[in-house]
Structure formats: C-alpha cells, structure tokens
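**Student:** Right, I'll just put the structure down here and ask away after.
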Amino acid sequence: MKAFWLDVLKRFLASAGVALLFGLFSFVLLFTFMSSSLRSPVAEVPKDSILVIDLTMNVSDRPGGFDFEELAMRALSKRGEPKSFHLLELIRTIRKASADEEISGVFLKGSLQPVGYGSGYAALAELGEALNEFRKSGKPIVGYAVDPSLPDYYLLSHADELFLNPYGSVLFNGMSAEVTFYGKAFEEYGIGVQVARTGEYKGAVEPFLSEQFSDSNREQLEEVLGDRWSDYLGLVARNRKLTLERLGEISREQFHLTAEDAVVAGLFDKSAHYDEVIDRLGEIGRVDEDTGEFARVSLAKYVDRPSSVGDLQALEEDERPAVSVVYVEGAILDGWGDDGEYVGGDEIASRLRDIRNDEKTKAVVLRVNSPGGSVTGAEAIRREVERVRADGIPVVISMGSVAASGGYWIAAKSERIFASPETITGSIGVFGLLPNIKELGNRFGVTWDVVKTEPHADAFSFVRPRTEDEMEYFQLYVEDIYDRFLDHVAAGRDMNKTAVHEIAKGRVWSGKDAREVGLVDEFGGLGDAILYAVELARLPDDFQLIEHPRVETPFEVLSELLETPLASKFSVDSINKDNLVIARFKDMERNLGMFGRLNDPRSAYAVLPWFWNRGL
C-alpha cells in the first residue's frame, strides 16, 4: 500500500512539474507573441508616401495607451491601428510629417468614434490648426468621407481636395443638446430626490427632478450652442471659401444632402468612389509596384510612442529641464483612479505632489477636460495646485472641450488660463444631491427601522427623506461651499467677489464669452499654454515635456492584462456603436451610472451633468 501511494505521489509531482513548465512556456510564448504584435514598429517610410490618418478613433486629451480589448484583438487578429490617440501625439506626428521629405501628403478618412470626454470640439480645433500648419509646407491634404458627422466634417474641411462617396450623404443640420429627464420616472417608481443648490443657472440637478429644461437653463444652453455653431460655421466658411449666409441656408433648407447636392453646395469638391481616390493619391505620391496602389504609411506606424523598457529608461535619465503636463480628463470623483471618463481628485493631487519633488520640472501645464464633480475631489487638486505655485513652479491652465464647475474650481488659481472659443466653462455653482428609496422599498413590502443616539445620526441615510431641519443645514452647507468657490475665483482672477457672483450663479459660458467676462485670459490650445509656461520658467529651447499619465508601453499593458481576468476587461460598446436605439439606452445607463458614482462624502457637487450626453 505504501508503494502505491508513493507511486501516486511521484505521478502527481511529475504531472504538476509538467504543468508548471508548460505554463511557464505558454506565458513566455504569449508574452513574446503579444509584445511583438503590440510594439510600435520603427516606421519605414517608403519614398513619396502618403500619411494615412484614419479618423475611426477617439481623440483623447490624455495619453491612454491601449485598452485590453484592443490589446487582445490586435494580438489575435492583427487588426490594424489602435483606436485611441491623444491630442499632443497627433499634433507632433503631423508636424513630423510636414518636415519629412518622404511624406508627400496626408489622407484623411473614416469617422470619429468618441469615447468618454474624447473627440470634443476644442481638441478637434487644435488638431485642425495642426492640419492647417501642415498645408503651409506645400503638401496637400486629401479627405474622403461616406456619411460624415459634424465633428468629422469639422476636420475634413481642412482638406485641399475633399471627396464624398456617390452613395454617401451629409447631415449639416446644426447642433443640439438633448438631455434625458428622470424626474417623473423617479416619482413614479418612488425614488425621492432632495436638493440643496445655489445659482439660478445651476441646472445640474434638473434631470433628476424635472421633465424639461427650466427657462434659465434653456437660455444658457441656447447661448452656448449658438456660440459653438457660429464658430463651427466660421471655420467651415474659411476652409471651404463659402459665405456664412450660404452655410446658414444649407443648414436651414437642405440640412441632409446627397453626394451630388453636397458638391453643388460647395461642401465637397467631387463625388468619387474609393478606388478613384486611391488613384488620385497615387498621382500625388507614387504608385507602389508591389501593391499597385499609392505608397503609404499608417498613423499607427508613423507615430512616435515608447515601445520598450529601454525607451522608458532613456526618458527617466533625461536631465533636461521640463514642463510637466498633467491631464485632468473626466468627471472628478473623491478618491483614486483615472480612466479618461472618471478621475480621482487624490490621484491628480498625488501626481502634483510628485512633480513638486521632481527637480527637473520647472513649470506645470494642467490640461482640464472635465465637467467637474465632487467638491472634495476638486478641492484636493486645487490645494496641490496652490502648493506647486508656492514652491515657485508656475502653473498654466489649458482648457479642453469642457472645464466647468469643479473643472473651473481647480483652474481659477493659476498663472494664466488658456481656452478655445469652443470650450464650455464657468458653471460656478454648487449643489447637494440627496436621494432616498423609502417609497420604492415600501411598495414592495420593504421597510427600514433604525436605532440612533442622536436625532440626526442617520441624516445621510438613503432609506428616508431628510427632515426640514436637515435640509436647512444642507442648504447652508452648500451656500458655504459656493461662497468659498467665489472666494477662490475672486482671488485667482483678481476680481471683486460681488462681480464674480454676477457672472457665476451656476451659469455656463462658451470660451468666447468667458474671455469677455474675465474667466479666461486668452484663446489658445495646449501648445500655446506650454509655450507660455516655458516663457514663465525661462527654459532653454531644448526643454523636455513630461506627460502625466504618459503612454504605457506594450510590456506594461501586458503586465496589467495578466494581473486581471481577461473577461472582465472586454466591452461590447463597439458592437452597437451605430445602433441609435442602443446608443440612447447607453446614454441613460451613463447618466444613471454617474448618479450612482457621485461619491462626495458630504454629497456636495460642482458638476455639469448635461455635458455627459455629448450633445455638445
């Protein structure tokens, strides 16, 4: 019997050893395969190549690297280009192409795929400026579209030659901001929502209380939309050499144009099939003998990204004085995390603390693309901005597509604020959102009871409404925070507090109007803010740029992948991207998801929730 069990043990150990060795071999094989698939290749640019920029991507403000779905799909199916690039690397790549003797032109195609707060008009405006700079090199830009959206056309209009598929169409129908309101549904299902707020224009809580916009909220939205649409028409008019009057006629009278109509209207130069565009690109560059099509290099292969541990080590060993760009993109929560859609105040504060202890960093640019969020989270960031400046390091703000409420809270006390006319900002106001599910539970026979030492021990409970005394306290608390908000803005903008209150009241401003009322210093993009920071810090021409967060290498992304169950990282968002019904339900899911993720410890928020819907 003893011999039998020894034999079993030997077989078990042998099997375990084989399994372990096989596992290690599989890991090495998987790592080698995926790393080689994901490594940003050194671009071998054929002579007279066309740089192909496929707009089927998300243009984010912050570096994001690869997501896990993309990582696995690219490794297993070798599916082309990553679907996310950040603004600064796109601008660098276009500048690189303009000076590259091997590049003969740029080809724009595809349709933008916004994710989170990416692909906003302010970012697209900066990208458009880079395309205009490229044209000054004498190299042409060719654009091709099938059914372009307004943001697509915003970029495509910069092309020297613009083609539309004969079976395509153009929607040139103006802009709208459509918000889902849950007030009646919450009432119907017994979900109670109590609110303390400041500012007649602070419509942040309306979706949870009402059935439609209030008059004041509708007024400010009409003004912001009007400013943005006017700016849009102005840019298209300049790029396409059309009059504003003509564009206005198109949007009011035609709005949905066939390919033939779009050419006649002057929005496109010619109706053409894709093969005809390929032939034209061959004329601009040259025809590749192997493929029979135009010589090309894709954006994914041409862009410069760190691809190895060695690349990172070289960056770390670079001792040149630096400007650190810190990205705040997404709704601000209390705590940690940063995924481009939500960002923790403690996360950004920690990065700023690290920067204060980094001897290389001589100036900071805070790129804000956020509708705000938790007051506690925003205050954690603002406090660190103040400490960075106290250490003699200048802080310059670059506003992205939105820098409102808590996004403005963190921006107010800086050396200078840059914004674009397309930026949505202001919304200087505060609200407290206090939901409860007492009636909902009661309808299903669920009740709650409590034992407490003091009358208000359960004041923050989600299973009962607040008393009048408690709501009076919350209102005073919110008003106190609003008063502090005004103090920060008055001190940061060197304005009278009363004057700040007059332009605050929760009101939303376009970048254009924000500059007129003193909330913004000047128009400019991220590059302008960086150059201003360089001047403030008196840095040499060979300064370096350090981004927080930076682009991850494939090795880092793969390590994260192996640490986390693969199935939990996959998303089906892209499957139903073009289904309008599914998209509407996803909007609802996102809005209610934000409702559930608002996590300020005292339920106080400075946020602009109608921006979540991406109506703007």
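Chain identifiers are assigned as A, B, and so on, following the order in which chains appear in the structure tokens; residues are numbered from 1 within each chain, and ligands are numbered from 1 in order of appearance.
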I'd like to know which residues of stretch 324-443 of chain A are alpha helix (DSSP H) (by DSSP, run on the backbone); could you write them as a PyMOL selection string?
**Tutor:** chain A and resi 345-356+375-390+406-409+438-443
**Student:** Quick one: residues within 6 Å of stretch 131-141 of chain A, only C-alpha atoms, excluding same-chain residues fewer than 4 positions away - as a short mmCIF file (atom, residue, chain, number, x, y, z; two decimals) with C-alpha atoms, in the first residue's frame?
**Tutor:**
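Here's the written file selection_31.cif:
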data_model
loop_
_atom_site.label_atom_id
_atom_site.label_comp_id
_atom_site.auth_asym_id
_atom_site.auth_seq_id
_atom_site.Cartn_x
_atom_site.Cartn_y
_atom_site.Cartn_z
CA SER A 98 5.32 68.21 -42.63
CA SER A 104 4.09 63.72 -49.94
CA GLY A 105 0.72 64.39 -48.34
CA VAL A 106 -1.94 63.36 -45.83
CA PHE A 107 -5.05 61.28 -46.43
CA ALA A 159 -8.51 69.19 -46.79
CA ASP A 160 -7.27 70.69 -50.06
#
**Student:** Do you have the atom CA of A:Leu90-atom CA of A:Tyr117 distance handy?
**Tutor:**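 Between atom CA of A:Leu90 and atom CA of A:Tyr117 the gap is 16.9 Å.
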**Student:** Between A:Val375, A:Ile91, A:Val224, A:Leu267, which has the minimum distance to A:Arg238 (counting only C-alpha atoms)?
**Tutor:** A:Leu267
**Student:** Could you check how far atom CA of A:Arg62 sits from atom CA of A:Asp541, in Å to one decimal?
**Tutor:**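 Distance reported for this atom pair: 24.1 Å.
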**Student:** Select, from A:Val402, A:Phe462, A:Arg197, A:Glu386, the residue with the minimum atom-to-atom distance to A:Gly441, counting only C-alpha atoms.
**Tutor:**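 Going through A:Val402, A:Phe462, A:Arg197, A:Glu386 one by one, the smallest distance to A:Gly441 is for A:Phe462.
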**Student:** Could you give me, as a list in words, the residues within 12 Å of A:Tyr473, counting only C-alpha atoms and dropping anything in the same chain fewer than 4 positions from it?
**Tutor:**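 So the residues in contact are Val195, Ala196, Arg197, Gly432, His456, Ala459, Arg466, Thr467, Glu468, Asp469, Tyr477, Val478, Glu479, Asp480 and Arg602 of chain A.
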**Student:** For the strand (DSSP E) assignment from backbone DSSP, which residues of stretch 272-464 of chain A qualify? Please present them as a PDB file with N, CA and C atoms, in the first residue's frame.
**Tutor:**
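Result file follows (states_34.pdb):
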ATOM      1  N   ARG A 296       2.158  54.286 -48.961  1.00  0.00           N
ATOM      2  CA  ARG A 296       1.544  54.854 -47.761  1.00  0.00           C
ATOM      3  C   ARG A 296       2.246  54.412 -46.489  1.00  0.00           C
ATOM      4  N   VAL A 297       1.989  55.141 -45.432  1.00  0.00           N
ATOM      5  CA  VAL A 297       2.367  54.740 -44.085  1.00  0.00           C
ATOM      6  C   VAL A 297       1.203  55.111 -43.178  1.00  0.00           C
ATOM      7  N   SER A 298       0.832  54.188 -42.297  1.00  0.00           N
ATOM      8  CA  SER A 298      -0.316  54.442 -41.426  1.00  0.00           C
ATOM      9  C   SER A 298       0.101  55.283 -40.221  1.00  0.00           C
ATOM     10  N   ALA A 322      12.219  70.536 -17.526  1.00  0.00           N
ATOM     11  CA  ALA A 322      10.994  70.028 -18.131  1.00  0.00           C
ATOM     12  C   ALA A 322       9.774  70.866 -17.792  1.00  0.00           C
ATOM     13  N   VAL A 323       8.793  70.788 -18.688  1.00  0.00           N
ATOM     14  CA  VAL A 323       7.430  71.225 -18.414  1.00  0.00           C
ATOM     15  C   VAL A 323       6.614  69.952 -18.232  1.00  0.00           C
ATOM     16  N   SER A 324       5.939  69.840 -17.106  1.00  0.00           N
ATOM     17  CA  SER A 324       5.088  68.676 -16.858  1.00  0.00           C
ATOM     18  C   SER A 324       3.650  69.017 -17.241  1.00  0.00           C
ATOM     19  N   VAL A 325       3.060  68.185 -18.106  1.00  0.00           N
ATOM     20  CA  VAL A 325       1.659  68.345 -18.495  1.00  0.00           C
ATOM     21  C   VAL A 325       0.838  67.330 -17.717  1.00  0.00           C
ATOM     22  N   VAL A 326      -0.057  67.822 -16.889  1.00  0.00           N
ATOM     23  CA  VAL A 326      -0.903  66.956 -16.066  1.00  0.00           C
ATOM     24  C   VAL A 326      -2.316  67.003 -16.630  1.00  0.00           C
ATOM     25  N   TYR A 327      -2.841  65.832 -16.988  1.00  0.00           N
ATOM     26  CA  TYR A 327      -4.161  65.761 -17.613  1.00  0.00           C
ATOM     27  C   TYR A 327      -5.241  65.460 -16.571  1.00  0.00           C
ATOM     28  N   VAL A 328      -6.272  66.279 -16.573  1.00  0.00           N
ATOM     29  CA  VAL A 328      -7.453  66.033 -15.740  1.00  0.00           C
ATOM     30  C   VAL A 328      -8.618  65.856 -16.714  1.00  0.00           C
ATOM     31  N   GLU A 329      -8.878  64.617 -17.083  1.00  0.00           N
ATOM     32  CA  GLU A 329      -9.925  64.332 -18.076  1.00  0.00           C
ATOM     33  C   GLU A 329     -10.969  63.400 -17.473  1.00  0.00           C
ATOM     34  N   ALA A 331     -15.070  63.146 -15.316  1.00  0.00           N
ATOM     35  CA  ALA A 331     -15.761  63.652 -14.134  1.00  0.00           C
ATOM     36  C   ALA A 331     -14.903  63.404 -12.893  1.00  0.00           C
ATOM     37  N   ILE A 332     -14.804  64.409 -12.028  1.00  0.00           N
ATOM     38  CA  ILE A 332     -13.930  64.327 -10.859  1.00  0.00           C
ATOM     39  C   ILE A 332     -14.661  63.638  -9.712  1.00  0.00           C
ATOM     40  N   LEU A 333     -14.061  62.575  -9.213  1.00  0.00           N
ATOM     41  CA  LEU A 333     -14.597  61.849  -8.067  1.00  0.00           C
ATOM     42  C   LEU A 333     -13.682  62.051  -6.862  1.00  0.00           C
ATOM     43  N   TYR A 342     -13.606  58.998 -15.698  1.00  0.00           N
ATOM     44  CA  TYR A 342     -13.663  59.440 -14.302  1.00  0.00           C
ATOM     45  C   TYR A 342     -12.222  59.613 -13.821  1.00  0.00           C
ATOM     46  N   VAL A 343     -12.014  60.607 -12.976  1.00  0.00           N
ATOM     47  CA  VAL A 343     -10.671  60.827 -12.458  1.00  0.00           C
ATOM     48  C   VAL A 343     -10.788  61.172 -10.975  1.00  0.00           C
ATOM     49  N   GLY A 344      -9.938  60.562 -10.164  1.00  0.00           N
ATOM     50  CA  GLY A 344      -9.957  60.801  -8.725  1.00  0.00           C
ATOM     51  C   GLY A 344      -9.164  62.038  -8.352  1.00  0.00           C
ATOM     52  N   THR A 361      11.259  69.303 -13.216  1.00  0.00           N
ATOM     53  CA  THR A 361      10.084  70.084 -13.604  1.00  0.00           C
ATOM     54  C   THR A 361      10.203  71.525 -13.139  1.00  0.00           C
ATOM     55  N   LYS A 362      10.141  72.450 -14.091  1.00  0.00           N
ATOM     56  CA  LYS A 362      10.253  73.883 -13.802  1.00  0.00           C
ATOM     57  C   LYS A 362       8.931  74.621 -14.029  1.00  0.00           C
ATOM     58  N   ALA A 363       7.965  73.967 -14.675  1.00  0.00           N
ATOM     59  CA  ALA A 363       6.654  74.576 -14.912  1.00  0.00           C
ATOM     60  C   ALA A 363       5.647  73.456 -15.121  1.00  0.00           C
ATOM     61  N   VAL A 364       4.379  73.748 -14.833  1.00  0.00           N
ATOM     62  CA  VAL A 364       3.303  72.764 -14.978  1.00  0.00           C
ATOM     63  C   VAL A 364       2.197  73.341 -15.850  1.00  0.00           C
ATOM     64  N   VAL A 365       1.714  72.524 -16.774  1.00  0.00           N
ATOM     65  CA  VAL A 365       0.507  72.849 -17.538  1.00  0.00           C
ATOM     66  C   VAL A 365      -0.560  71.849 -17.136  1.00  0.00           C
ATOM     67  N   LEU A 366      -1.656  72.347 -16.615  1.00  0.00           N
ATOM     68  CA  LEU A 366      -2.774  71.495 -16.218  1.00  0.00           C
ATOM     69  C   LEU A 366      -3.799  71.531 -17.344  1.00  0.00           C
ATOM     70  N   ARG A 367      -3.944  70.433 -18.044  1.00  0.00           N
ATOM     71  CA  ARG A 367      -4.921  70.338 -19.130  1.00  0.00           C
ATOM     72  C   ARG A 367      -6.225  69.811 -18.550  1.00  0.00           C
ATOM     73  N   VAL A 368      -7.257  70.644 -18.537  1.00  0.00           N
ATOM     74  CA  VAL A 368      -8.525  70.298 -17.896  1.00  0.00           C
ATOM     75  C   VAL A 368      -9.585  70.028 -18.963  1.00  0.00           C
ATOM     76  N   ASN A 369     -10.104  68.822 -18.969  1.00  0.00           N
ATOM     77  CA  ASN A 369     -11.211  68.449 -19.849  1.00  0.00           C
ATOM     78  C   ASN A 369     -12.221  67.706 -18.981  1.00  0.00           C
ATOM     79  N   SER A 370     -12.955  68.482 -18.176  1.00  0.00           N
ATOM     80  CA  SER A 370     -13.806  67.884 -17.153  1.00  0.00           C
ATOM     81  C   SER A 370     -15.023  68.755 -16.887  1.00  0.00           C
ATOM     82  N   GLY A 372     -16.432  68.715 -14.062  1.00  0.00           N
ATOM     83  CA  GLY A 372     -16.440  68.853 -12.607  1.00  0.00           C
ATOM     84  C   GLY A 372     -16.880  67.571 -11.934  1.00  0.00           C
ATOM     85  N   GLY A 373     -17.383  67.702 -10.715  1.00  0.00           N
ATOM     86  CA  GLY A 373     -17.808  66.521  -9.962  1.00  0.00           C
ATOM     87  C   GLY A 373     -17.786  66.796  -8.475  1.00  0.00           C
ATOM     88  N   SER A 374     -17.110  65.938  -7.749  1.00  0.00           N
ATOM     89  CA  SER A 374     -17.045  66.046  -6.293  1.00  0.00           C
ATOM     90  C   SER A 374     -16.294  67.304  -5.864  1.00  0.00           C
ATOM     91  N   VAL A 395       2.061  77.473 -12.732  1.00  0.00           N
ATOM     92  CA  VAL A 395       1.030  76.560 -13.220  1.00  0.00           C
ATOM     93  C   VAL A 395       0.160  77.310 -14.226  1.00  0.00           C
ATOM     94  N   VAL A 396       0.081  76.775 -15.431  1.00  0.00           N
ATOM     95  CA  VAL A 396      -0.722  77.360 -16.501  1.00  0.00           C
ATOM     96  C   VAL A 396      -1.846  76.388 -16.829  1.00  0.00           C
ATOM     97  N   ILE A 397      -3.050  76.906 -17.042  1.00  0.00           N
ATOM     98  CA  ILE A 397      -4.213  76.070 -17.337  1.00  0.00           C
ATOM     99  C   ILE A 397      -4.492  76.067 -18.837  1.00  0.00           C
ATOM    100  N   SER A 398      -4.688  74.886 -19.378  1.00  0.00           N
ATOM    101  CA  SER A 398      -5.164  74.722 -20.749  1.00  0.00           C
ATOM    102  C   SER A 398      -6.512  74.025 -20.682  1.00  0.00           C
ATOM    103  N   MET A 399      -7.573  74.739 -21.068  1.00  0.00           N
ATOM    104  CA  MET A 399      -8.916  74.157 -21.034  1.00  0.00           C
ATOM    105  C   MET A 399      -9.194  73.400 -22.322  1.00  0.00           C
ATOM    106  N   GLY A 400      -9.742  72.192 -22.163  1.00  0.00           N
ATOM    107  CA  GLY A 400     -10.126  71.398 -23.316  1.00  0.00           C
ATOM    108  C   GLY A 400     -11.535  71.742 -23.759  1.00  0.00           C
ATOM    109  N   SER A 401     -12.305  70.727 -24.111  1.00  0.00           N
ATOM    110  CA  SER A 401     -13.657  70.963 -24.601  1.00  0.00           C
ATOM    111  C   SER A 401     -14.590  71.429 -23.494  1.00  0.00           C
ATOM    112  N   VAL A 402     -14.330  71.013 -22.258  1.00  0.00           N
ATOM    113  CA  VAL A 402     -15.150  71.455 -21.132  1.00  0.00           C
ATOM    114  C   VAL A 402     -14.264  71.589 -19.897  1.00  0.00           C
ATOM    115  N   ALA A 403     -14.416  72.696 -19.200  1.00  0.00           N
ATOM    116  CA  ALA A 403     -13.709  72.913 -17.926  1.00  0.00           C
ATOM    117  C   ALA A 403     -14.658  73.715 -17.062  1.00  0.00           C
ATOM    118  N   ALA A 404     -15.693  73.053 -16.587  1.00  0.00           N
ATOM    119  CA  ALA A 404     -16.785  73.740 -15.903  1.00  0.00           C
ATOM    120  C   ALA A 404     -16.940  73.229 -14.482  1.00  0.00           C
ATOM    121  N   ARG A 416      -2.172  81.622 -15.549  1.00  0.00           N
ATOM    122  CA  ARG A 416      -2.889  82.078 -16.736  1.00  0.00           C
ATOM    123  C   ARG A 416      -3.808  80.952 -17.218  1.00  0.00           C
ATOM    124  N   ILE A 417      -4.955  81.332 -17.784  1.00  0.00           N
ATOM    125  CA  ILE A 417      -5.916  80.352 -18.280  1.00  0.00           C
ATOM    126  C   ILE A 417      -6.082  80.520 -19.783  1.00  0.00           C
ATOM    127  N   PHE A 418      -5.768  79.441 -20.505  1.00  0.00           N
ATOM    128  CA  PHE A 418      -5.984  79.393 -21.954  1.00  0.00           C
ATOM    129  C   PHE A 418      -7.230  78.556 -22.232  1.00  0.00           C
ATOM    130  N   ALA A 419      -8.029  78.994 -23.178  1.00  0.00           N
ATOM    131  CA  ALA A 419      -9.199  78.231 -23.599  1.00  0.00           C
ATOM    132  C   ALA A 419      -9.387  78.459 -25.091  1.00  0.00           C
ATOM    133  N   ILE A 424     -16.391  74.914 -23.127  1.00  0.00           N
ATOM    134  CA  ILE A 424     -17.527  75.200 -22.251  1.00  0.00           C
ATOM    135  C   ILE A 424     -16.976  75.321 -20.836  1.00  0.00           C
ATOM    136  N   THR A 425     -17.218  76.459 -20.201  1.00  0.00           N
ATOM    137  CA  THR A 425     -16.618  76.691 -18.890  1.00  0.00           C
ATOM    138  C   THR A 425     -17.599  77.437 -17.984  1.00  0.00           C
ATOM    139  N   GLY A 426     -17.092  77.910 -16.859  1.00  0.00           N
ATOM    140  CA  GLY A 426     -17.963  78.573 -15.897  1.00  0.00           C
ATOM    141  C   GLY A 426     -18.716  77.575 -15.048  1.00  0.00           C
ATOM    142  N   PHE A 431     -24.223  72.163  -5.763  1.00  0.00           N
ATOM    143  CA  PHE A 431     -25.496  71.566  -5.354  1.00  0.00           C
ATOM    144  C   PHE A 431     -25.240  70.348  -4.488  1.00  0.00           C
ATOM    145  N   GLY A 432     -26.220  70.013  -3.684  1.00  0.00           N
ATOM    146  CA  GLY A 432     -26.190  68.790  -2.891  1.00  0.00           C
ATOM    147  C   GLY A 432     -27.325  67.887  -3.348  1.00  0.00           C
ATOM    148  N   LEU A 433     -27.019  66.659  -3.672  1.00  0.00           N
ATOM    149  CA  LEU A 433     -28.000  65.710  -4.207  1.00  0.00           C
ATOM    150  C   LEU A 433     -28.207  64.599  -3.180  1.00  0.00           C
ATOM    151  N   LEU A 434     -29.450  64.463  -2.694  1.00  0.00           N
ATOM    152  CA  LEU A 434     -29.737  63.550  -1.584  1.00  0.00           C
ATOM    153  C   LEU A 434     -30.904  62.623  -1.953  1.00  0.00           C
ATOM    154  N   PRO A 435     -30.629  61.517  -2.605  1.00  0.00           N
ATOM    155  CA  PRO A 435     -31.698  60.597  -2.993  1.00  0.00           C
ATOM    156  C   PRO A 435     -32.098  59.676  -1.841  1.00  0.00           C
ATOM    157  N   ASN A 436     -33.302  59.112  -1.935  1.00  0.00           N
ATOM    158  CA  ASN A 436     -33.703  58.075  -0.981  1.00  0.00           C
ATOM    159  C   ASN A 436     -34.675  57.123  -1.665  1.00  0.00           C
TER     160      ASN A 436
END
**Student:** As an exercise, work out the distance from atom CA of A:Ser60 to atom CA of A:Leu88 in Å and give it to one decimal place.
**Tutor:**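 About the pair atom CA of A:Ser60 and atom CA of A:Leu88: they are 9.3 Å apart.
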**Student:** I want to know what sits within 8 Å of A:Lys497, based on only C-alpha atoms, with residues of the same chain fewer than 5 positions away left out; could you give that as an NGL selection string?
**Tutor:** :A and (486-487 or 490)
